[in-house]
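J.: upload-v4.txt (compact mmCIF, C-alpha atoms) pasted underneath:
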```txt
# COMPACT_ATOMS: atom_id res chain seq x y z
CA MET A 1 -101.38 21.11 48.56
CA SER A 2 -104.74 19.57 49.22
CA ASN A 3 -106.61 22.90 49.41
CA ASN A 4 -105.34 23.73 45.93
CA ARG A 5 -107.17 20.88 44.29
CA VAL A 6 -107.65 20.83 40.57
CA SER A 7 -111.27 20.32 39.74
CA ARG A 8 -112.35 17.95 37.03
CA ARG A 9 -113.49 20.91 34.92
CA GLN A 10 -110.14 22.68 35.28
CA PHE A 11 -108.23 19.52 34.46
CA LEU A 12 -110.22 19.02 31.29
CA ASN A 13 -109.74 22.67 30.34
CA TYR A 14 -105.98 22.45 30.72
CA THR A 15 -105.72 19.26 28.76
CA LEU A 16 -107.88 20.54 25.94
CA THR A 17 -105.95 23.79 25.61
CA GLY A 18 -102.69 21.88 25.63
CA VAL A 19 -103.72 19.34 23.02
CA GLY A 20 -105.49 21.99 20.94
CA GLY A 21 -102.38 24.13 21.04
CA PHE A 22 -100.21 21.32 19.77
CA MET A 23 -102.64 20.59 16.96
CA ALA A 24 -102.80 24.23 15.93
CA ALA A 25 -99.01 24.43 15.99
CA GLY A 26 -98.78 21.26 13.93
CA MET A 27 -100.93 22.83 11.28
CA LEU A 28 -99.41 26.30 11.32
CA MET A 29 -95.73 25.35 11.42
CA PRO A 30 -95.52 23.90 7.87
CA MET A 31 -97.49 26.85 6.55
CA VAL A 32 -95.12 29.35 8.10
CA ARG A 33 -92.18 27.27 6.87
CA PHE A 34 -93.51 27.38 3.29
CA ALA A 35 -94.24 31.08 3.54
CA ILE A 36 -90.71 32.03 4.52
CA ASP A 37 -89.04 29.36 2.36
CA PRO A 38 -87.61 31.77 -0.24
CA VAL A 39 -85.73 33.55 2.53
CA LEU A 40 -84.12 30.31 3.67
CA GLN A 41 -82.92 29.28 0.20
CA LYS A 42 -79.18 29.21 -0.15
CA ALA A 43 -77.81 31.92 -2.35
CA GLY A 44 -77.22 30.56 -5.87
CA GLY A 45 -74.07 30.79 -7.96
CA GLY A 46 -72.15 28.22 -6.00
CA ASP A 47 -71.69 25.93 -8.99
CA PHE A 48 -68.25 26.83 -10.17
CA ILE A 49 -66.27 24.17 -11.97
CA PRO A 50 -62.51 24.22 -11.59
CA THR A 51 -60.41 24.10 -14.74
CA GLY A 52 -56.74 23.31 -14.91
CA LYS A 53 -56.00 26.70 -16.42
CA LYS A 54 -53.71 29.10 -14.57
CA VAL A 55 -55.07 32.61 -14.55
CA SER A 56 -51.59 34.00 -15.11
CA ASP A 57 -51.35 32.01 -18.37
CA ILE A 58 -54.40 33.63 -19.91
CA THR A 59 -53.54 36.08 -22.64
CA GLU A 60 -55.36 38.58 -24.79
CA VAL A 61 -55.80 35.93 -27.46
CA PRO A 62 -58.84 33.70 -26.93
CA GLU A 63 -57.81 30.19 -26.01
CA ARG A 64 -59.74 26.97 -25.62
CA VAL A 65 -60.27 25.80 -22.07
CA ASP A 66 -61.97 22.48 -21.47
CA PHE A 67 -63.71 21.67 -18.26
CA ALA A 68 -65.56 18.56 -17.14
CA PHE A 69 -68.47 18.23 -14.80
CA GLU A 70 -70.91 15.54 -13.79
CA GLN A 71 -74.34 15.76 -15.23
CA VAL A 72 -77.16 13.90 -13.53
CA ASP A 73 -79.97 12.90 -15.84
CA ALA A 74 -82.57 11.22 -13.63
CA TRP A 75 -80.64 8.22 -12.27
CA TYR A 76 -77.90 8.34 -14.83
CA THR A 77 -74.75 10.29 -14.07
CA SER A 78 -72.39 11.08 -16.89
CA GLU A 79 -69.31 13.17 -17.19
CA VAL A 80 -69.68 15.95 -19.67
CA THR A 81 -66.82 17.91 -21.12
CA SER A 82 -67.50 21.46 -22.07
CA THR A 83 -65.40 24.19 -23.60
CA ALA A 84 -64.97 27.92 -23.22
CA TRP A 85 -63.00 30.53 -25.13
CA VAL A 86 -61.04 32.41 -22.49
CA TYR A 87 -59.06 35.62 -22.81
CA LYS A 88 -58.10 38.70 -20.85
CA ASN A 89 -59.62 42.06 -21.55
CA GLY A 90 -57.34 44.36 -19.61
CA ASP A 91 -57.41 42.72 -16.17
CA LYS A 92 -60.79 41.18 -16.61
CA ILE A 93 -61.08 37.52 -17.62
CA ILE A 94 -63.68 36.82 -20.25
CA ALA A 95 -64.99 33.33 -20.95
CA LEU A 96 -67.28 32.94 -23.91
CA SER A 97 -69.44 29.96 -24.72
CA PRO A 98 -68.46 28.26 -27.99
CA VAL A 99 -72.05 27.47 -28.92
CA CYS A 100 -73.14 29.32 -32.03
CA LYS A 101 -76.36 31.24 -31.58
CA HIS A 102 -77.61 30.12 -34.94
CA LEU A 103 -78.17 26.37 -34.72
CA GLY A 104 -75.73 25.33 -32.01
CA CYS A 105 -72.48 24.39 -33.77
CA THR A 106 -69.16 24.99 -32.10
CA VAL A 107 -67.37 28.18 -33.07
CA ASN A 108 -63.60 28.49 -33.38
CA TRP A 109 -61.37 31.47 -32.85
CA ALA A 110 -59.69 32.46 -36.10
CA GLY A 111 -61.44 29.52 -37.74
CA SER A 112 -61.49 31.26 -41.07
CA PRO A 113 -58.26 32.41 -42.73
CA ASP A 114 -60.03 35.49 -44.07
CA HIS A 115 -61.00 36.69 -40.62
CA PRO A 116 -58.14 35.93 -38.23
CA ASP A 117 -59.50 38.04 -35.36
CA GLN A 118 -63.02 36.75 -35.21
CA PHE A 119 -64.88 33.71 -33.99
CA PHE A 120 -66.00 31.62 -36.92
CA CYS A 121 -68.71 28.98 -37.17
CA PRO A 122 -67.83 26.45 -39.87
CA CYS A 123 -71.41 25.32 -40.41
CA HIS A 124 -72.98 28.31 -42.06
CA GLY A 125 -70.22 30.88 -41.96
CA GLY A 126 -71.44 32.75 -38.89
CA ARG A 127 -68.93 35.20 -37.44
CA TYR A 128 -68.52 36.99 -34.13
CA GLU A 129 -66.21 39.72 -32.93
CA LYS A 130 -63.83 39.07 -30.05
CA SER A 131 -66.41 40.40 -27.61
CA GLY A 132 -68.84 37.77 -28.87
CA LYS A 133 -70.88 40.30 -30.83
CA ASN A 134 -72.42 38.71 -33.90
CA ILE A 135 -71.46 40.29 -37.17
CA PRO A 136 -74.43 41.56 -39.18
CA LYS A 137 -75.26 39.73 -42.38
CA THR A 138 -73.99 36.44 -41.04
CA PRO A 139 -76.61 33.89 -39.92
CA PRO A 140 -76.40 34.27 -36.09
CA LEU A 141 -78.98 36.56 -34.56
CA GLY A 142 -77.40 37.22 -31.18
CA PRO A 143 -74.04 37.46 -29.41
CA LEU A 144 -72.25 34.47 -27.89
CA ASP A 145 -73.14 33.65 -24.30
CA GLU A 146 -70.71 34.37 -21.54
CA PHE A 147 -69.63 32.20 -18.62
CA GLU A 148 -69.34 33.49 -15.06
CA VAL A 149 -65.71 33.23 -14.01
CA ARG A 150 -63.74 33.47 -10.82
CA GLU A 151 -60.24 32.79 -9.65
CA LYS A 152 -59.35 30.32 -6.94
CA ASP A 153 -55.79 29.58 -5.86
CA GLY A 154 -54.53 30.99 -9.13
CA LEU A 155 -56.70 28.66 -11.19
CA LEU A 156 -59.65 29.62 -13.30
CA GLU A 157 -63.12 28.44 -12.32
CA ILE A 158 -66.07 28.58 -14.65
CA GLY A 159 -69.67 28.98 -13.61
CA LYS A 160 -73.00 29.27 -15.33
CA THR A 161 -73.70 30.86 -18.66
CA ARG A 162 -75.41 34.19 -18.85
CA PRO A 163 -76.31 36.49 -21.72
CA ASN A 164 -73.34 38.42 -23.05
CA THR A 165 -72.60 41.48 -20.92
CA LEU A 166 -69.91 42.96 -23.17
CA VAL A 167 -72.06 43.87 -26.11
CA MET B 168 -78.07 16.64 -34.36
CA TYR B 169 -79.08 13.07 -33.92
CA TRP B 170 -81.52 10.77 -35.61
CA ASN B 171 -84.35 11.33 -33.16
CA SER B 172 -87.79 12.80 -33.59
CA LYS B 173 -86.95 16.16 -32.03
CA ASP B 174 -83.93 16.79 -34.21
CA ILE B 175 -85.59 15.49 -37.32
CA SER B 176 -88.42 17.97 -36.93
CA VAL B 177 -85.78 20.72 -36.93
CA PHE B 178 -84.32 19.15 -40.07
CA VAL B 179 -87.69 19.15 -41.79
CA GLU B 180 -88.23 22.82 -40.97
CA GLN B 181 -84.70 24.05 -41.63
CA LYS B 182 -83.70 22.07 -44.69
CA GLU B 183 -81.90 25.09 -46.01
CA PHE B 184 -79.45 24.99 -43.09
CA VAL B 185 -79.42 21.34 -42.08
CA ASP B 186 -78.35 19.54 -45.22
CA THR B 187 -75.73 16.99 -44.23
CA ALA B 188 -75.82 13.44 -42.94
CA VAL B 189 -72.88 11.76 -41.22
CA ILE B 190 -73.01 7.99 -41.47
CA PRO B 191 -70.60 5.82 -39.48
CA LEU B 192 -69.85 2.63 -41.39
CA LEU B 193 -69.13 -0.14 -38.97
CA LEU B 194 -67.67 -3.50 -39.88
CA ILE B 195 -68.66 -6.23 -37.45
CA ASP B 196 -66.21 -9.07 -37.74
CA GLY B 197 -67.20 -12.13 -35.75
CA GLN B 198 -63.89 -13.97 -35.90
CA ALA B 199 -62.81 -14.80 -32.38
CA SER B 200 -59.35 -13.36 -32.90
CA LYS B 201 -60.66 -10.06 -34.14
CA LEU B 202 -63.57 -9.50 -31.78
CA LYS B 203 -61.76 -7.27 -29.35
CA GLN B 204 -60.03 -5.12 -31.89
CA ASN B 205 -63.28 -4.86 -33.76
CA ALA B 206 -65.19 -3.65 -30.72
CA SER B 207 -62.45 -1.18 -29.93
CA SER B 208 -62.58 0.32 -33.37
CA ALA B 209 -66.36 0.58 -33.15
CA GLU B 210 -65.93 2.44 -29.88
CA PHE B 211 -63.51 4.82 -31.51
CA LEU B 212 -65.73 5.45 -34.49
CA MET B 213 -68.75 6.16 -32.34
CA ALA B 214 -66.79 8.55 -30.13
CA LEU B 215 -65.32 10.34 -33.12
CA THR B 216 -68.63 10.76 -34.89
CA ALA B 217 -70.17 12.09 -31.68
CA PHE B 218 -67.38 14.67 -31.65
CA ILE B 219 -68.14 15.58 -35.22
CA GLU B 220 -71.79 15.95 -34.30
CA ASN B 221 -70.88 18.27 -31.45
CA GLN B 222 -68.73 20.44 -33.67
CA PHE B 223 -71.22 20.73 -36.53
CA LYS B 224 -74.41 20.39 -34.51
CA GLY B 225 -76.34 22.93 -36.52
CA ARG B 226 -75.70 21.48 -39.92
CA VAL B 227 -75.27 17.72 -39.69
CA ILE B 228 -77.41 14.84 -38.55
CA LEU B 229 -75.50 11.90 -37.17
CA MET B 230 -77.14 8.72 -38.41
CA PRO B 231 -77.24 5.52 -36.39
CA PRO B 232 -74.20 3.45 -37.40
CA VAL B 233 -74.58 1.27 -40.45
CA SER B 234 -73.21 -2.11 -39.49
CA TYR B 235 -72.27 -4.80 -41.94
CA THR B 236 -70.37 -8.03 -41.98
CA THR B 237 -67.31 -9.13 -43.90
CA LYS B 238 -69.56 -10.73 -46.50
CA THR B 239 -71.56 -7.62 -47.23
CA ASN B 240 -71.23 -6.16 -50.69
CA ARG B 241 -69.85 -2.74 -49.77
CA GLN B 242 -70.52 -1.19 -53.13
CA GLN B 243 -74.18 -2.09 -53.02
CA LEU B 244 -74.61 -1.14 -49.38
CA GLY B 245 -73.11 2.26 -49.95
CA GLN B 246 -75.13 2.89 -53.04
CA GLU B 247 -78.40 2.06 -51.31
CA TRP B 248 -77.67 4.40 -48.46
CA ASP B 249 -76.52 7.10 -50.80
CA GLU B 250 -79.69 6.97 -52.85
CA MET B 251 -81.99 6.74 -49.87
CA LEU B 252 -80.48 9.68 -48.01
CA LYS B 253 -80.38 11.89 -51.06
CA GLU B 254 -84.04 11.14 -51.56
CA ALA B 255 -84.67 12.11 -47.95
CA GLY B 256 -83.33 15.55 -48.77
CA PHE B 257 -79.70 15.51 -47.65
CA LYS B 258 -77.40 17.41 -49.98
CA HIS B 259 -74.15 16.21 -48.46
CA LEU B 260 -73.33 12.75 -47.22
CA PHE B 261 -70.24 12.02 -45.18
CA PHE B 262 -69.50 8.37 -44.67
CA VAL B 263 -66.93 7.81 -41.94
CA SER B 264 -65.23 4.48 -41.40
CA SER B 265 -62.13 2.88 -40.00
CA ASP B 266 -62.47 -0.10 -42.32
CA MET B 267 -59.69 -0.13 -44.89
CA GLY B 268 -61.99 -1.93 -47.29
CA TRP B 269 -63.64 1.31 -48.25
CA VAL B 270 -60.40 2.92 -49.29
CA ASN B 271 -59.51 0.19 -51.73
CA GLU B 272 -62.99 0.17 -53.13
CA GLU B 273 -63.44 2.51 -56.04
CA SER B 274 -66.68 4.09 -54.99
CA ALA B 275 -68.35 7.42 -55.41
CA LEU B 276 -69.11 7.55 -51.71
CA ASN B 277 -65.94 9.37 -50.73
CA VAL B 278 -65.70 7.54 -47.45
CA ILE B 279 -63.60 9.43 -44.93
CA TYR B 280 -61.17 6.88 -43.61
CA THR B 281 -59.80 7.33 -40.09
CA PRO B 282 -57.39 4.81 -38.67
CA SER B 283 -58.78 3.42 -35.45
CA ILE B 284 -57.08 4.38 -32.21
CA PRO B 285 -57.72 2.21 -29.14
CA LEU B 286 -59.36 4.52 -26.60
CA GLU B 287 -60.11 2.03 -23.89
CA ASN B 288 -56.93 2.45 -21.90
CA MET B 289 -56.82 6.22 -22.02
CA ASP B 290 -57.98 8.52 -19.29
CA ARG B 291 -60.55 11.15 -20.05
CA LYS B 292 -58.11 13.96 -20.82
CA LEU B 293 -55.99 11.98 -23.23
CA ARG B 294 -59.05 10.60 -24.94
CA GLN B 295 -60.37 14.12 -25.36
CA SER B 296 -57.15 15.40 -26.89
CA VAL B 297 -56.76 12.39 -29.22
CA LEU B 298 -60.30 12.85 -30.51
CA ASP B 299 -59.74 16.59 -30.81
CA ASP B 300 -56.72 15.98 -32.99
CA GLN B 301 -58.68 13.63 -35.21
CA LEU B 302 -61.52 16.11 -35.41
CA ARG B 303 -59.16 18.90 -36.41
CA GLN B 304 -58.06 16.79 -39.37
CA ILE B 305 -61.62 16.17 -40.40
CA ILE B 306 -62.91 19.75 -40.18
CA PRO B 307 -61.10 20.87 -43.38
CA VAL B 308 -62.47 17.86 -45.26
CA PHE B 309 -65.97 18.93 -44.32
CA ALA B 310 -65.35 22.59 -45.08
CA LYS B 311 -63.87 21.76 -48.45
CA ARG B 312 -66.73 19.57 -49.56
CA TRP B 313 -69.31 22.04 -48.34
CA ALA B 314 -67.58 24.83 -50.17
CA SER B 315 -67.24 22.90 -53.40
CA THR B 316 -70.92 22.28 -53.91
CA THR B 317 -72.70 25.33 -52.54
```
Translate the structure described by the file into structure tokens.

T.:
Amino acid sequence: MSNNRVSRRQFLNYTLTGVGGFMAAGMLMPMVRFAIDPVLQKAGGGDFIPTGKKVSDITEVPERVDFAFEQVDAWYTSEVTSTAWVYKNGDKIIALSPVCKHLGCTVNWAGSPDHPDQFFCPCHGGRYEKSGKNIPKTPPLGPLDEFEVREKDGLLEIGKTRPNTLV
Amino acid sequence: MYWNSKDISVFVEQKEFVDTAVIPLLLIDGQASKLKQNASSAEFLMALTAFIENQFKGRVILMPPVSYTTKTNRQQLGQEWDEMLKEAGFKHLFFVSSDMGWVNEESALNVIYTPSIPLENMDRKLRQSVLDDQLRQIIPVFAKRWASTT
């Protein structure tokens, strides 16, 4: 023991390396954490809102489905009800956003007696085909947005909107 | 759209498309016995007009409610608003009220009368469907008036 004495110089060296190491680590760790942050992000698309609609009840005819979710606006939480036009295209469920691409009114399926198989916007007479494709020479300039959908326990769940993928 | 600076700037730019004002007419009756019913009908009217706004977002501007008392001269009030809003550039004015007084009044305002339904004891779903039903009755009134003058 005693012949293995630590000299003052050695002791100081050890301490300095130790403390210096900790300091370097303290600086580098957050940097590394920031650098690899994108990898650690949770995969998105988890925000599906359940609706009360049974998937087996959905038909080929577009039908209104309401769903409610909580919207947080700074410190104020409010419950917002939103709507989708849902129908089956073969086996695939399609949910279209009812917001007109013109100035944001709500479109209705078969809203105009003259066009029973189209979406109709009562504000300025905009029309869309069943796929959401806007009909030329009506005011809207683009197709209706589409919602992401999935099925859970036989009930329909609705996710985020995305640009129409059918057109 | 609403009466706020953002929406009004859209109105100013898109006058050709945004040409309609929706004005809730709200009777405030201070009699102690009528306070509660009065507040309930105000709640209904505000909810209903917000539904109308949502449906016709791209064409109408929902005005802040015009409140008046039992002593107000309805005829004059209506006329003032009518003139002012037409001057502001609105082609169509839809006055909505659940005050029977407007129905009896022979006025050129064409107030849309909706009987008030107490919403306060309903849960969200029921409230939604009640308002939807009311809205469905109002949509044709709007469509008809828009069609008749364009």

J.: Can you pull out every residue within 12 Å of Val185 in chain B, counting only C-alpha atoms, but drop anything in the same chain fewer than 6 positions away, and send it as an MDAnalysis selection string?

T.: (chainID A and resid 102:105 123:124) or (chainID B and resid 168:169 174:179 223:229 256:260 313)

J.: Please compute the CA of Ser97 in chain A-CA of Asp145 in chain A distance, one decimal, in Å.

T.: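 Separation between CA of Ser97 in chain A and CA of Asp145 in chain A: 5.2 Å.
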
J.: Which chain A residues are at most 12 Å from chain B (counting only C-alpha atoms), as an MDAnalysis selection string?

T.: chainID A and resid 52 64:69 79:83 98:108 111:113 120:126 139:140

J.: One number please: CA of Gln198 in chain B to CA of Ala214 in chain B, in Å, one decimal.

T.: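 One can read the CA of Gln198 in chain B to CA of Ala214 in chain B distance as 23.4 Å.
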
J.: Tell me which of B:Asp186, B:Glu287, B:Glu247, B:Glu254 sits closest to Ala206 in chain B, counting only C-alpha atoms.

T.: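 So, comparing all the options, the nearest one is B:Glu287.
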
J.: Hey, what's within 6 Å of Trp85 in chain A if we count all atoms listed in the file and toss same-chain stuff fewer than 5 positions away? As number ranges by chain, please?

T.: A: 62-64, 95-96

J.: Calculated over only C-alpha atoms, which of the candidates A:Val55, A:Leu141, A:Val61, A:Ile93 has the smallest distance to Leu156 in chain A?

T.: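 Nearest to Leu156 in chain A: A:Val55.
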
J.: Measure the distance from CA of Pro232 in chain B to CA of Ser207 in chain B in Å and round it to one decimal.

T.: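 One can read the CA of Pro232 in chain B to CA of Ser207 in chain B distance as 14.7 Å.
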
J.: Give me the residues near range 130-132 of chain A as a list of chain:residue names, where near means some atom within 8 Å (using only C-alpha atoms) and where sequence neighbours in that chain fewer than 3 positions away do not count.

T.: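 The residues satisfying every condition are A:Pro62, A:Leu96, A:Asp117, A:Gln118, A:Phe119, A:Pro143, A:Leu144, A:Asp145, A:Asn164, A:Leu166, A:Val167.
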
J.: Could you give me, as a ChimeraX atom specification, the residues within 9 Å of Leu215 in chain B, counting all atoms listed in the file and dropping anything in the same chain fewer than 6 positions from it?

T.: /B:298-299,301-302

J.: B:Ile279, B:Ala209, B:Leu192, B:Leu286: which is nearest Gln304 in chain B, counting only C-alpha atoms?

T.: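 For Gln304 in chain B, the nearest of the given residues is B:Ile279.
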
J.: I'd like the contact shell of Leu212 in chain B - 8 Å cut-off, all atoms listed in the file, skipping same-chain residues fewer than 2 positions apart - returned as a PyMOL selection string.

T.: chain B and resi 191+193+208-210+214-216+263-265+283
